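Data block below; observations after.
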2 protein chains.
Amino acid sequence: MSCFWSPVVHTLSPYVPGEQPKQDGIVKLNTNENPYPPSPRVLTAIASAAERLRLYPDPHATRLREAIATYHDVAPEQVFVGNGSDEVLAHTFQALLKHETPLLFPDVTYSFYPVYCGLYGIAYEEVPLDAAMSIEAADYRRPSSAILLCNPNAPTGIALPREAIAALLAENPDRLVVVDEAYVDFGAESAVPLVARHDNLLVIQTFSKSRSLAGLRVGFAIGQRPLIEALERVKDSFNSYPVDCLAIEGAVAAIEDEAWFIETRARIIASRGVLARDLTQLGFEVLPSLANFVFARHRSRSGADLAAALRQRGVLVRHFKKSRIEDFLRITVGTEEQCRRLIEVLRGLI
Amino acid sequence: MSCFWSPVVHTLSPYVPGEQPKQDGIVKLNTNENPYPPSPRVLTAIASAAERLRLYPDPHATRLREAIATYHDVAPEQVFVGNGSDEVLAHTFQALLKHETPLLFPDVTYSFYPVYCGLYGIAYEEVPLDAAMSIEAADYRRPSSAILLCNPNAPTGIALPREAIAALLAENPDRLVVVDEAYVDFGAESAVPLVARHDNLLVIQTFSKSRSLAGLRVGFAIGQRPLIEALERVKDSFNSYPVDCLAIEGAVAAIEDEAWFIETRARIIASRGVLARDLTQLGFEVLPSLANFVFARHRSRSGADLAAALRQRGVLVRHFKKSRIEDFLRITVGTEEQCRRLIEVLRGLI
């Protein structure tokens, strides 16, 4: 506390990210990182770009926006890029989600959303997931300026089909629908193909998960031009060059290596199936995940106790002290070896 | 314009950064980049860090904060790092500069400052530079919540001595003084040694200029703990990991290579002297610069015309369409060869 703080600072409840342990040898299944490295082409592109570090990056990150546009079959002008999808989300909250009527998002979802609302003074209402921990689209039929859905949802992993998003978009064309697709590449349906027909849709994705580039900080949004222009206006009033030279070139190389993407994604999807089966056999209820993590609770053991016991044995998973989900563990799908180790340690605990 | 925009978006006048030309062969003296590459150790550090890109960075950038703290003889807890000093400035405006009484800054200074005020709805007053285009500290004796000074000032290059900052700090201990030292390493006195005695001082610096890392996006602030805590609270409500893995390690390597820093800085300072002399001989008035650029106007030629003519001949300098400075050119100190080329082209024009 200090008299120098702007008033809003006193009221903030900052987001707390998962632990990044400094020691080696930890089985790290707590922050949904990809267990496989990025495409080798990324390293080559970064080494080459490092020769131009004395110069500012292209403030429009044109090459990256073009590569994303090509991949997703949209125009480069329909792509906005930022310093991780967290920054893209932050700009989205400030640029598009601050209105008199409230924003709606699920009660159980990415816990950064209410933090952004606090930072920008945005009115919001949380809409409860249904009993199966799914988003029930019909529950979003209430007065609101916008809807924000994480799809697949975090931390449940449960996805809505594209049809459900399309229905929400069509139901009220004056209401913005933002879909945070951080985890979409692991088996869910992206809403990007709906952008052409709906000016009230913004889709946000990231290179952190399916492209194995959490350390490089690249996220993006796709939407029709007026939505992208709002993000650009805020970004250009905040930081001219949020995506550095190495991030631009590394991300371009990643999106161009489709074979690497398909292969590593397939391994993760296969491991997810094995992990869900093994956890079920150990007495866990495992929600049906289309993400690179599973959300599971044991029929008799507390989530907090299990997370602590795993941690003691060198396995990190994520536990949220939050009503409705306090008995769950969110477990990132690791390598086959990491998943085996987790199951082995759990067998010793249960 | 769109009905989906948050109201503030309609009112923004975004900052326009200097041009980043895509073609080669341009003599680029328009965005104050360092003409020399970063320390070779930076490239080695980046190559090594690239092996961990699948993992999130340390959200606290501990290694980098420790390296900066060691260099500046402060505690790591007194250091805040961000995605370029533009992001550090943005968080500073939101976290520390929004109050009922206005913020003061010079009428001629970094033109991003009023843009930040627009983004966050911050009341401000511009205090005119004196007739010699210097900051006159006595002019800041008026009701205000905070003072923001760029030192050396941009685009003039003129610096205040540390004594003048100390006097402002002591005059009103309840008023925050933020000193933006983006260009301080080229000969001006840093206010960092005053941090220990003044809880109302925040100093902001960057790796973009003196460390040749404009493309990597690393800036930082130094201040007593409550000020840094305010920045951390805003940052952790905005983006958990704004400084990527490569930026953390590259910046650490840069700050540890003192010999490289001293050598490249000395060359720029020497070139600045030659450039100022040559411009003066061509009929320019050159303000006394302690930055890596000079601010100069010709006694008979318009600034806009000269900038356009230089551009036609492959030399980029910065010109601002703004009253009081519209006849000036801001010219980055390039390599000896780039400076010679600029003078040669100017000789042909004047």
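Please note that chains go A, B, ... in the order of the structure tokens, that every chain numbers its residues from 1, and that ligands are numbered from 1 in the order shown.
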Query - Test item: chain B residues at most 7 Å from chain A, counting only C-alpha atoms, as a PyMOL selection string - result: chain B and resi 1-2+4-6+9+12+14-15+17+20+33-34+37-38+43+47+50+53-58+83+86-87+90+94-99+115-116+119+176+212-217+226+230+233-234+236-240+242+244-245
Report task. Identify, on the basis of only C-alpha atoms, every residue whose closest approach to Gln78 (chain A) does not exceed 6 Å; exclude the query and any residue fewer than 4 positions from it along the same chain; express the result as JSON, numbers by chain. Result -> {"A": [222, 223, 224, 225]}
Restrict the selected residues to N, CA and C atoms and save them as a PDB file, in the first residue's frame.
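What follows is the written file part-v1.pdb:
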```pdb
ATOM      1  N   ILE A 222      -8.435 -13.659 -34.212  1.00  0.00           N
ATOM      2  CA  ILE A 222      -8.970 -13.589 -35.577  1.00  0.00           C
ATOM      3  C   ILE A 222     -10.409 -13.095 -35.487  1.00  0.00           C
ATOM      4  N   GLY A 223     -10.718 -12.089 -36.295  1.00  0.00           N
ATOM      5  CA  GLY A 223     -12.078 -11.551 -36.327  1.00  0.00           C
ATOM      6  C   GLY A 223     -12.225 -10.625 -37.511  1.00  0.00           C
ATOM      7  N   GLN A 224     -13.420 -10.148 -37.717  1.00  0.00           N
ATOM      8  CA  GLN A 224     -13.616  -9.195 -38.807  1.00  0.00           C
ATOM      9  C   GLN A 224     -12.922  -7.876 -38.470  1.00  0.00           C
ATOM     10  N   ARG A 225     -12.700  -7.084 -39.502  1.00  0.00           N
ATOM     11  CA  ARG A 225     -11.829  -5.923 -39.417  1.00  0.00           C
ATOM     12  C   ARG A 225     -12.135  -4.957 -38.262  1.00  0.00           C
TER      13      ARG A 225
END
```
Quick one: superpose chain B onto chain A using all C-alpha atoms paired in order, least squares, and give it to me as a short mmCIF file (atom, residue, chain, number, x, y, z; two decimals) with C-alpha atoms, in the first residue's frame.
```
data_model
loop_
_atom_site.label_atom_id
_atom_site.label_comp_id
_atom_site.auth_asym_id
_atom_site.auth_seq_id
_atom_site.Cartn_x
_atom_site.Cartn_y
_atom_site.Cartn_z
CA MET B 1 0.03 0.00 0.02
CA SER B 2 1.28 3.43 -0.84
CA CYS B 3 -0.13 6.91 -1.37
CA PHE B 4 1.47 6.83 -4.81
CA TRP B 5 -0.70 3.97 -6.05
CA SER B 6 -3.48 4.72 -8.53
CA PRO B 7 -6.77 3.87 -6.77
CA VAL B 8 -7.40 0.75 -8.90
CA VAL B 9 -4.18 -0.88 -7.68
CA HIS B 10 -5.57 -1.22 -4.17
CA THR B 11 -8.48 -3.27 -5.46
CA LEU B 12 -6.63 -5.75 -7.70
CA SER B 13 -6.50 -9.50 -7.03
CA PRO B 14 -3.74 -10.53 -9.44
CA TYR B 15 -3.70 -13.86 -11.24
CA VAL B 16 -1.34 -16.47 -9.81
CA PRO B 17 0.23 -18.62 -12.52
CA GLY B 18 1.29 -22.22 -11.93
CA GLU B 19 4.66 -22.81 -10.36
CA GLN B 20 7.78 -22.78 -12.57
CA PRO B 21 10.18 -24.88 -10.49
CA LYS B 22 13.86 -24.03 -10.79
CA GLN B 23 15.20 -27.50 -9.95
CA ASP B 24 15.53 -30.26 -12.55
CA GLY B 25 14.03 -33.76 -12.36
CA ILE B 26 10.48 -32.61 -11.62
CA VAL B 27 7.64 -34.23 -13.57
CA LYS B 28 5.97 -30.97 -14.51
CA LEU B 29 2.29 -31.48 -15.34
CA ASN B 30 0.97 -28.24 -13.84
CA THR B 31 0.91 -25.53 -16.53
CA ASN B 32 -0.26 -27.34 -19.68
CA GLU B 33 3.00 -27.00 -21.53
CA ASN B 34 3.62 -29.25 -24.50
CA PRO B 35 5.89 -32.13 -23.47
CA TYR B 36 7.59 -32.11 -26.87
CA PRO B 37 9.94 -29.40 -28.13
CA PRO B 38 8.95 -27.00 -30.91
CA SER B 39 9.79 -27.75 -34.53
CA PRO B 40 13.57 -27.69 -35.13
CA ARG B 41 12.86 -25.07 -37.78
CA VAL B 42 11.95 -22.67 -34.95
CA LEU B 43 15.50 -22.77 -33.58
CA THR B 44 16.98 -22.13 -37.02
CA ALA B 45 14.65 -19.18 -37.57
CA ILE B 46 15.48 -17.70 -34.18
CA ALA B 47 19.23 -18.02 -34.74
CA SER B 48 18.86 -16.24 -38.06
CA ALA B 49 16.64 -13.46 -36.66
CA ALA B 50 19.04 -12.86 -33.76
CA GLU B 51 21.38 -11.13 -36.20
CA ARG B 52 18.94 -8.21 -36.44
CA LEU B 53 18.32 -7.66 -32.72
CA ARG B 54 19.68 -4.13 -32.71
CA LEU B 55 16.68 -3.05 -34.82
CA TYR B 56 13.10 -2.69 -33.64
CA PRO B 57 10.73 -5.43 -34.78
CA ASP B 58 8.11 -4.74 -37.42
CA PRO B 59 5.44 -3.08 -35.24
CA HIS B 60 2.74 -4.77 -37.32
CA ALA B 61 4.42 -8.23 -37.24
CA THR B 62 3.37 -8.49 -40.88
CA ARG B 63 5.13 -11.76 -41.66
CA LEU B 64 3.56 -13.49 -38.70
CA ARG B 65 0.08 -12.13 -39.38
CA GLU B 66 0.41 -13.30 -42.99
CA ALA B 67 1.52 -16.78 -41.93
CA ILE B 68 -1.40 -17.10 -39.49
CA ALA B 69 -3.81 -15.75 -42.10
CA THR B 70 -2.63 -18.28 -44.68
CA TYR B 71 -2.93 -21.13 -42.20
CA HIS B 72 -6.44 -20.15 -41.11
CA ASP B 73 -7.66 -19.00 -44.54
CA VAL B 74 -8.47 -15.43 -43.48
CA ALA B 75 -7.01 -12.06 -44.52
CA PRO B 76 -3.92 -10.71 -42.69
CA GLU B 77 -6.04 -7.69 -41.72
CA GLN B 78 -8.26 -10.09 -39.76
CA VAL B 79 -5.35 -11.18 -37.55
CA PHE B 80 -4.06 -9.46 -34.41
CA VAL B 81 -0.93 -10.75 -32.67
CA GLY B 82 0.35 -10.14 -29.16
CA ASN B 83 2.76 -11.12 -26.41
CA GLY B 84 1.01 -14.41 -25.60
CA SER B 85 -2.73 -14.90 -25.63
CA ASP B 86 -2.80 -13.38 -22.14
CA GLU B 87 -1.86 -10.01 -23.64
CA VAL B 88 -4.33 -10.52 -26.50
CA LEU B 89 -7.01 -11.26 -23.90
CA ALA B 90 -6.04 -8.19 -21.85
CA HIS B 91 -6.41 -5.94 -24.89
CA THR B 92 -9.69 -7.67 -25.77
CA PHE B 93 -11.11 -6.91 -22.33
CA GLN B 94 -10.11 -3.27 -22.58
CA ALA B 95 -10.99 -2.76 -26.25
CA LEU B 96 -14.18 -4.79 -26.63
CA LEU B 97 -15.64 -5.98 -23.33
CA LYS B 98 -16.17 -2.82 -21.26
CA HIS B 99 -19.83 -1.84 -21.60
CA GLU B 100 -22.74 -0.91 -19.37
CA THR B 101 -24.43 -4.30 -19.54
CA PRO B 102 -22.34 -7.11 -18.11
CA LEU B 103 -20.03 -9.57 -19.77
CA LEU B 104 -20.90 -13.24 -19.22
CA PHE B 105 -18.49 -16.12 -18.71
CA PRO B 106 -18.69 -19.48 -16.91
CA ASP B 107 -18.22 -19.74 -13.15
CA VAL B 108 -15.57 -22.38 -13.73
CA THR B 109 -13.17 -21.25 -16.47
CA TYR B 110 -9.78 -19.58 -16.96
CA SER B 111 -9.35 -17.76 -13.68
CA PHE B 112 -7.63 -14.80 -15.33
CA TYR B 113 -10.96 -13.53 -16.73
CA PRO B 114 -12.26 -11.94 -13.50
CA VAL B 115 -8.78 -10.48 -12.91
CA TYR B 116 -8.94 -8.61 -16.23
CA CYS B 117 -12.39 -7.34 -15.26
CA GLY B 118 -10.91 -5.98 -12.05
CA LEU B 119 -8.07 -4.27 -13.91
CA TYR B 120 -10.38 -2.48 -16.34
CA GLY B 121 -13.47 -2.03 -14.15
CA ILE B 122 -15.63 -4.31 -16.30
CA ALA B 123 -19.03 -5.52 -15.07
CA TYR B 124 -19.44 -9.29 -15.40
CA GLU B 125 -21.64 -12.18 -14.35
CA GLU B 126 -20.54 -15.76 -13.93
CA VAL B 127 -22.84 -18.35 -15.47
CA PRO B 128 -22.67 -21.73 -13.69
CA LEU B 129 -21.57 -24.78 -15.62
CA ASP B 130 -24.22 -27.49 -15.60
CA ALA B 131 -24.08 -30.53 -13.32
CA ALA B 132 -21.82 -32.35 -15.78
CA MET B 133 -19.42 -29.36 -15.69
CA SER B 134 -20.34 -28.41 -19.25
CA ILE B 135 -21.21 -25.01 -20.67
CA GLU B 136 -24.95 -24.95 -21.30
CA ALA B 137 -25.43 -22.44 -24.13
CA ALA B 138 -29.09 -21.82 -23.21
CA ASP B 139 -27.95 -20.34 -19.87
CA TYR B 140 -26.36 -17.42 -21.77
CA ARG B 141 -29.77 -16.15 -22.92
CA ARG B 142 -29.81 -13.14 -20.61
CA PRO B 143 -29.08 -9.42 -20.96
CA SER B 144 -25.38 -8.97 -21.65
CA SER B 145 -22.99 -7.04 -23.86
CA ALA B 146 -20.78 -9.99 -24.63
CA ILE B 147 -20.04 -13.64 -23.92
CA LEU B 148 -16.58 -15.03 -23.32
CA LEU B 149 -16.13 -18.77 -23.60
CA CYS B 150 -12.97 -20.81 -23.28
CA ASN B 151 -13.34 -23.72 -25.72
CA PRO B 152 -12.36 -26.36 -24.79
CA ASN B 153 -13.00 -24.91 -21.38
CA ALA B 154 -10.19 -24.71 -18.85
CA PRO B 155 -9.78 -26.37 -16.45
CA THR B 156 -12.48 -28.90 -17.41
CA GLY B 157 -11.23 -29.75 -20.92
CA ILE B 158 -14.82 -30.13 -22.12
CA ALA B 159 -15.54 -28.62 -25.55
CA LEU B 160 -18.60 -27.19 -27.23
CA PRO B 161 -19.19 -28.15 -30.87
CA ARG B 162 -18.88 -25.40 -33.48
CA GLU B 163 -22.63 -25.61 -33.99
CA ALA B 164 -23.25 -24.36 -30.45
CA ILE B 165 -21.03 -21.31 -31.03
CA ALA B 166 -22.77 -20.65 -34.35
CA ALA B 167 -26.14 -20.74 -32.60
CA LEU B 168 -24.99 -18.22 -29.96
CA LEU B 169 -23.67 -15.91 -32.70
CA ALA B 170 -26.87 -16.05 -34.69
CA GLU B 171 -29.17 -15.67 -31.68
CA ASN B 172 -28.06 -12.11 -30.97
CA PRO B 173 -25.97 -10.47 -33.68
CA ASP B 174 -25.50 -7.36 -31.51
CA ARG B 175 -23.75 -9.29 -28.80
CA LEU B 176 -20.05 -10.03 -29.12
CA VAL B 177 -18.90 -13.62 -28.62
CA VAL B 178 -15.23 -14.12 -27.76
CA VAL B 179 -13.96 -17.70 -27.95
CA ASP B 180 -10.65 -18.38 -26.22
CA GLU B 181 -9.27 -21.41 -28.09
CA ALA B 182 -5.97 -21.83 -26.26
CA TYR B 183 -6.50 -25.60 -26.27
CA VAL B 184 -8.49 -26.08 -29.47
CA ASP B 185 -5.79 -27.89 -31.46
CA PHE B 186 -6.03 -31.07 -29.37
CA GLY B 187 -9.28 -32.26 -30.88
CA ALA B 188 -11.99 -29.61 -30.56
CA GLU B 189 -13.64 -27.68 -33.38
CA SER B 190 -12.37 -24.14 -33.97
CA ALA B 191 -14.82 -21.30 -34.49
CA VAL B 192 -12.46 -19.60 -36.98
CA PRO B 193 -14.49 -20.80 -40.02
CA LEU B 194 -17.45 -18.82 -38.60
CA VAL B 195 -15.57 -15.49 -38.70
CA ALA B 196 -16.45 -14.84 -42.35
CA ARG B 197 -20.18 -14.94 -41.61
CA HIS B 198 -20.28 -13.30 -38.17
CA ASP B 199 -19.02 -9.82 -37.38
CA ASN B 200 -19.69 -10.48 -33.68
CA LEU B 201 -17.09 -13.24 -33.30
CA LEU B 202 -13.52 -12.94 -32.05
CA VAL B 203 -11.42 -16.11 -31.75
CA ILE B 204 -8.22 -16.14 -29.68
CA GLN B 205 -5.49 -18.76 -29.98
CA THR B 206 -1.93 -19.24 -28.77
CA PHE B 207 1.40 -20.76 -29.83
CA SER B 208 2.06 -21.79 -26.22
CA LYS B 209 0.38 -25.17 -26.21
CA SER B 210 0.04 -26.96 -29.55
CA ARG B 211 3.11 -25.22 -31.02
CA SER B 212 5.31 -25.87 -27.96
CA LEU B 213 6.24 -22.20 -27.63
CA ALA B 214 5.09 -21.19 -24.13
CA GLY B 215 8.51 -19.61 -23.61
CA LEU B 216 8.27 -17.39 -26.70
CA ARG B 217 4.99 -15.59 -25.86
CA VAL B 218 2.91 -15.44 -29.00
CA GLY B 219 -0.88 -15.35 -29.15
CA PHE B 220 -3.34 -14.07 -31.72
CA ALA B 221 -6.93 -13.13 -32.41
CA ILE B 222 -8.97 -13.59 -35.57
CA GLY B 223 -12.07 -11.57 -36.33
CA GLN B 224 -13.63 -9.21 -38.81
CA ARG B 225 -11.85 -5.94 -39.43
CA PRO B 226 -13.65 -3.62 -36.92
CA LEU B 227 -12.84 -5.95 -34.02
CA ILE B 228 -9.18 -6.24 -35.05
CA GLU B 229 -9.01 -2.47 -35.46
CA ALA B 230 -10.16 -1.98 -31.86
CA LEU B 231 -7.36 -4.28 -30.66
CA GLU B 232 -4.82 -2.44 -32.80
CA ARG B 233 -5.91 0.92 -31.43
CA VAL B 234 -5.41 -0.26 -27.86
CA LYS B 235 -2.12 -2.02 -28.66
CA ASP B 236 -0.78 1.10 -30.41
CA SER B 237 -1.70 3.11 -27.32
CA PHE B 238 0.13 0.62 -25.08
CA ASN B 239 3.27 -0.79 -26.74
CA SER B 240 4.28 -0.36 -30.36
CA TYR B 241 6.27 -3.59 -30.59
CA PRO B 242 4.84 -6.24 -28.27
CA VAL B 243 6.06 -9.20 -30.36
CA ASP B 244 9.84 -9.27 -30.56
CA CYS B 245 11.95 -10.16 -33.63
CA LEU B 246 12.67 -13.69 -32.41
CA ALA B 247 9.05 -14.38 -31.52
CA ILE B 248 7.86 -13.23 -34.95
CA GLU B 249 10.29 -15.46 -36.84
CA GLY B 250 10.03 -18.41 -34.45
CA ALA B 251 6.25 -18.43 -34.64
CA VAL B 252 6.29 -18.20 -38.44
CA ALA B 253 8.58 -21.25 -38.58
CA ALA B 254 6.33 -23.12 -36.16
CA ILE B 255 3.14 -22.55 -38.11
CA GLU B 256 4.85 -23.55 -41.34
CA ASP B 257 5.96 -26.95 -40.01
CA GLU B 258 2.64 -28.75 -40.27
CA ALA B 259 4.17 -32.23 -40.12
CA TRP B 260 5.76 -31.56 -36.72
CA PHE B 261 2.49 -30.11 -35.41
CA ILE B 262 0.45 -33.12 -36.56
CA GLU B 263 2.89 -35.65 -35.14
CA THR B 264 3.32 -34.11 -31.68
CA ARG B 265 -0.39 -33.41 -31.39
CA ALA B 266 -1.21 -37.04 -32.25
CA ARG B 267 1.16 -38.28 -29.54
CA ILE B 268 -0.49 -36.03 -26.96
CA ILE B 269 -3.98 -37.10 -27.97
CA ALA B 270 -2.93 -40.76 -27.74
CA SER B 271 -1.33 -40.21 -24.31
CA ARG B 272 -4.46 -38.41 -23.12
CA GLY B 273 -6.50 -41.54 -23.83
CA VAL B 274 -4.08 -43.76 -21.93
CA LEU B 275 -3.88 -41.32 -19.02
CA ALA B 276 -7.67 -41.04 -18.73
CA ARG B 277 -8.02 -44.83 -18.77
CA ASP B 278 -5.31 -45.33 -16.13
CA LEU B 279 -6.78 -42.63 -13.87
CA THR B 280 -10.23 -44.17 -14.19
CA GLN B 281 -8.83 -47.54 -13.16
CA LEU B 282 -7.35 -45.86 -10.06
CA GLY B 283 -10.80 -44.64 -9.01
CA PHE B 284 -10.78 -41.18 -10.59
CA GLU B 285 -13.70 -39.57 -12.35
CA VAL B 286 -12.11 -38.03 -15.49
CA LEU B 287 -14.04 -35.37 -17.38
CA PRO B 288 -14.11 -35.94 -21.17
CA SER B 289 -11.20 -33.74 -22.30
CA LEU B 290 -10.40 -32.42 -25.76
CA ALA B 291 -7.47 -30.39 -24.40
CA ASN B 292 -3.84 -31.27 -23.54
CA PHE B 293 -4.82 -31.85 -19.93
CA VAL B 294 -7.38 -33.87 -18.01
CA PHE B 295 -9.48 -32.73 -15.07
CA ALA B 296 -10.09 -35.53 -12.61
CA ARG B 297 -11.24 -36.13 -9.05
CA HIS B 298 -10.81 -39.24 -6.95
CA ARG B 299 -13.91 -40.87 -5.46
CA SER B 300 -12.42 -40.86 -1.95
CA ARG B 301 -9.27 -38.71 -1.81
CA SER B 302 -9.15 -34.93 -1.49
CA GLY B 303 -7.69 -33.00 -4.40
CA ALA B 304 -5.56 -30.77 -2.20
CA ASP B 305 -4.06 -33.76 -0.34
CA LEU B 306 -3.29 -35.62 -3.55
CA ALA B 307 -1.67 -32.55 -5.13
CA ALA B 308 0.49 -32.04 -2.05
CA ALA B 309 1.48 -35.71 -1.88
CA LEU B 310 2.36 -35.74 -5.58
CA ARG B 311 4.42 -32.61 -5.13
CA GLN B 312 6.40 -34.27 -2.31
CA ARG B 313 7.21 -37.06 -4.72
CA GLY B 314 8.39 -34.76 -7.50
CA VAL B 315 5.21 -34.60 -9.59
CA LEU B 316 3.55 -31.20 -10.08
CA VAL B 317 -0.14 -30.97 -11.02
CA ARG B 318 -2.48 -28.01 -10.65
CA HIS B 319 -5.05 -27.74 -7.89
CA PHE B 320 -7.51 -24.84 -7.56
CA LYS B 321 -8.89 -23.82 -4.17
CA LYS B 322 -12.27 -22.89 -5.57
CA SER B 323 -15.75 -24.14 -4.83
CA ARG B 324 -17.13 -26.81 -7.19
CA ILE B 325 -13.64 -27.84 -8.31
CA GLU B 326 -11.64 -28.13 -5.11
CA ASP B 327 -11.61 -31.93 -5.34
CA PHE B 328 -10.24 -31.93 -8.87
CA LEU B 329 -6.69 -32.08 -10.17
CA ARG B 330 -5.80 -30.56 -13.51
CA ILE B 331 -3.14 -32.80 -15.01
CA THR B 332 -1.22 -31.84 -18.14
CA VAL B 333 -0.77 -34.64 -20.64
CA GLY B 334 2.99 -35.21 -20.55
CA THR B 335 5.21 -37.61 -22.47
CA GLU B 336 4.31 -41.30 -22.27
CA GLU B 337 7.09 -41.64 -19.68
CA GLN B 338 5.82 -38.70 -17.56
CA CYS B 339 2.27 -40.06 -17.61
CA ARG B 340 3.53 -43.51 -16.54
CA ARG B 341 5.48 -41.92 -13.69
CA LEU B 342 2.40 -40.00 -12.51
CA ILE B 343 0.30 -43.16 -12.49
CA GLU B 344 3.03 -45.09 -10.69
CA VAL B 345 3.25 -42.44 -7.95
CA LEU B 346 -0.55 -42.29 -7.66
CA ARG B 347 -0.68 -46.10 -7.27
CA GLY B 348 1.59 -45.74 -4.28
CA LEU B 349 -0.67 -43.07 -2.77
CA ILE B 350 -4.13 -44.54 -3.25
#
```
**Report entry** Residues of region 23-259 of chain B in alpha helix (DSSP H), written as a PyMOL selection string
**Finding:** chain B and resi 40-49+62-72+84-96+113-120+162-171+225-235+245-256+258-259
Query raised in the report: region 18-220 of chain A: which residues are strand (DSSP E or B) by DSSP, as a PyMOL selection string?
Result: chain A and resi 27-29+79-82+103-106+124-127+146-150+176-180+201-206+219-220
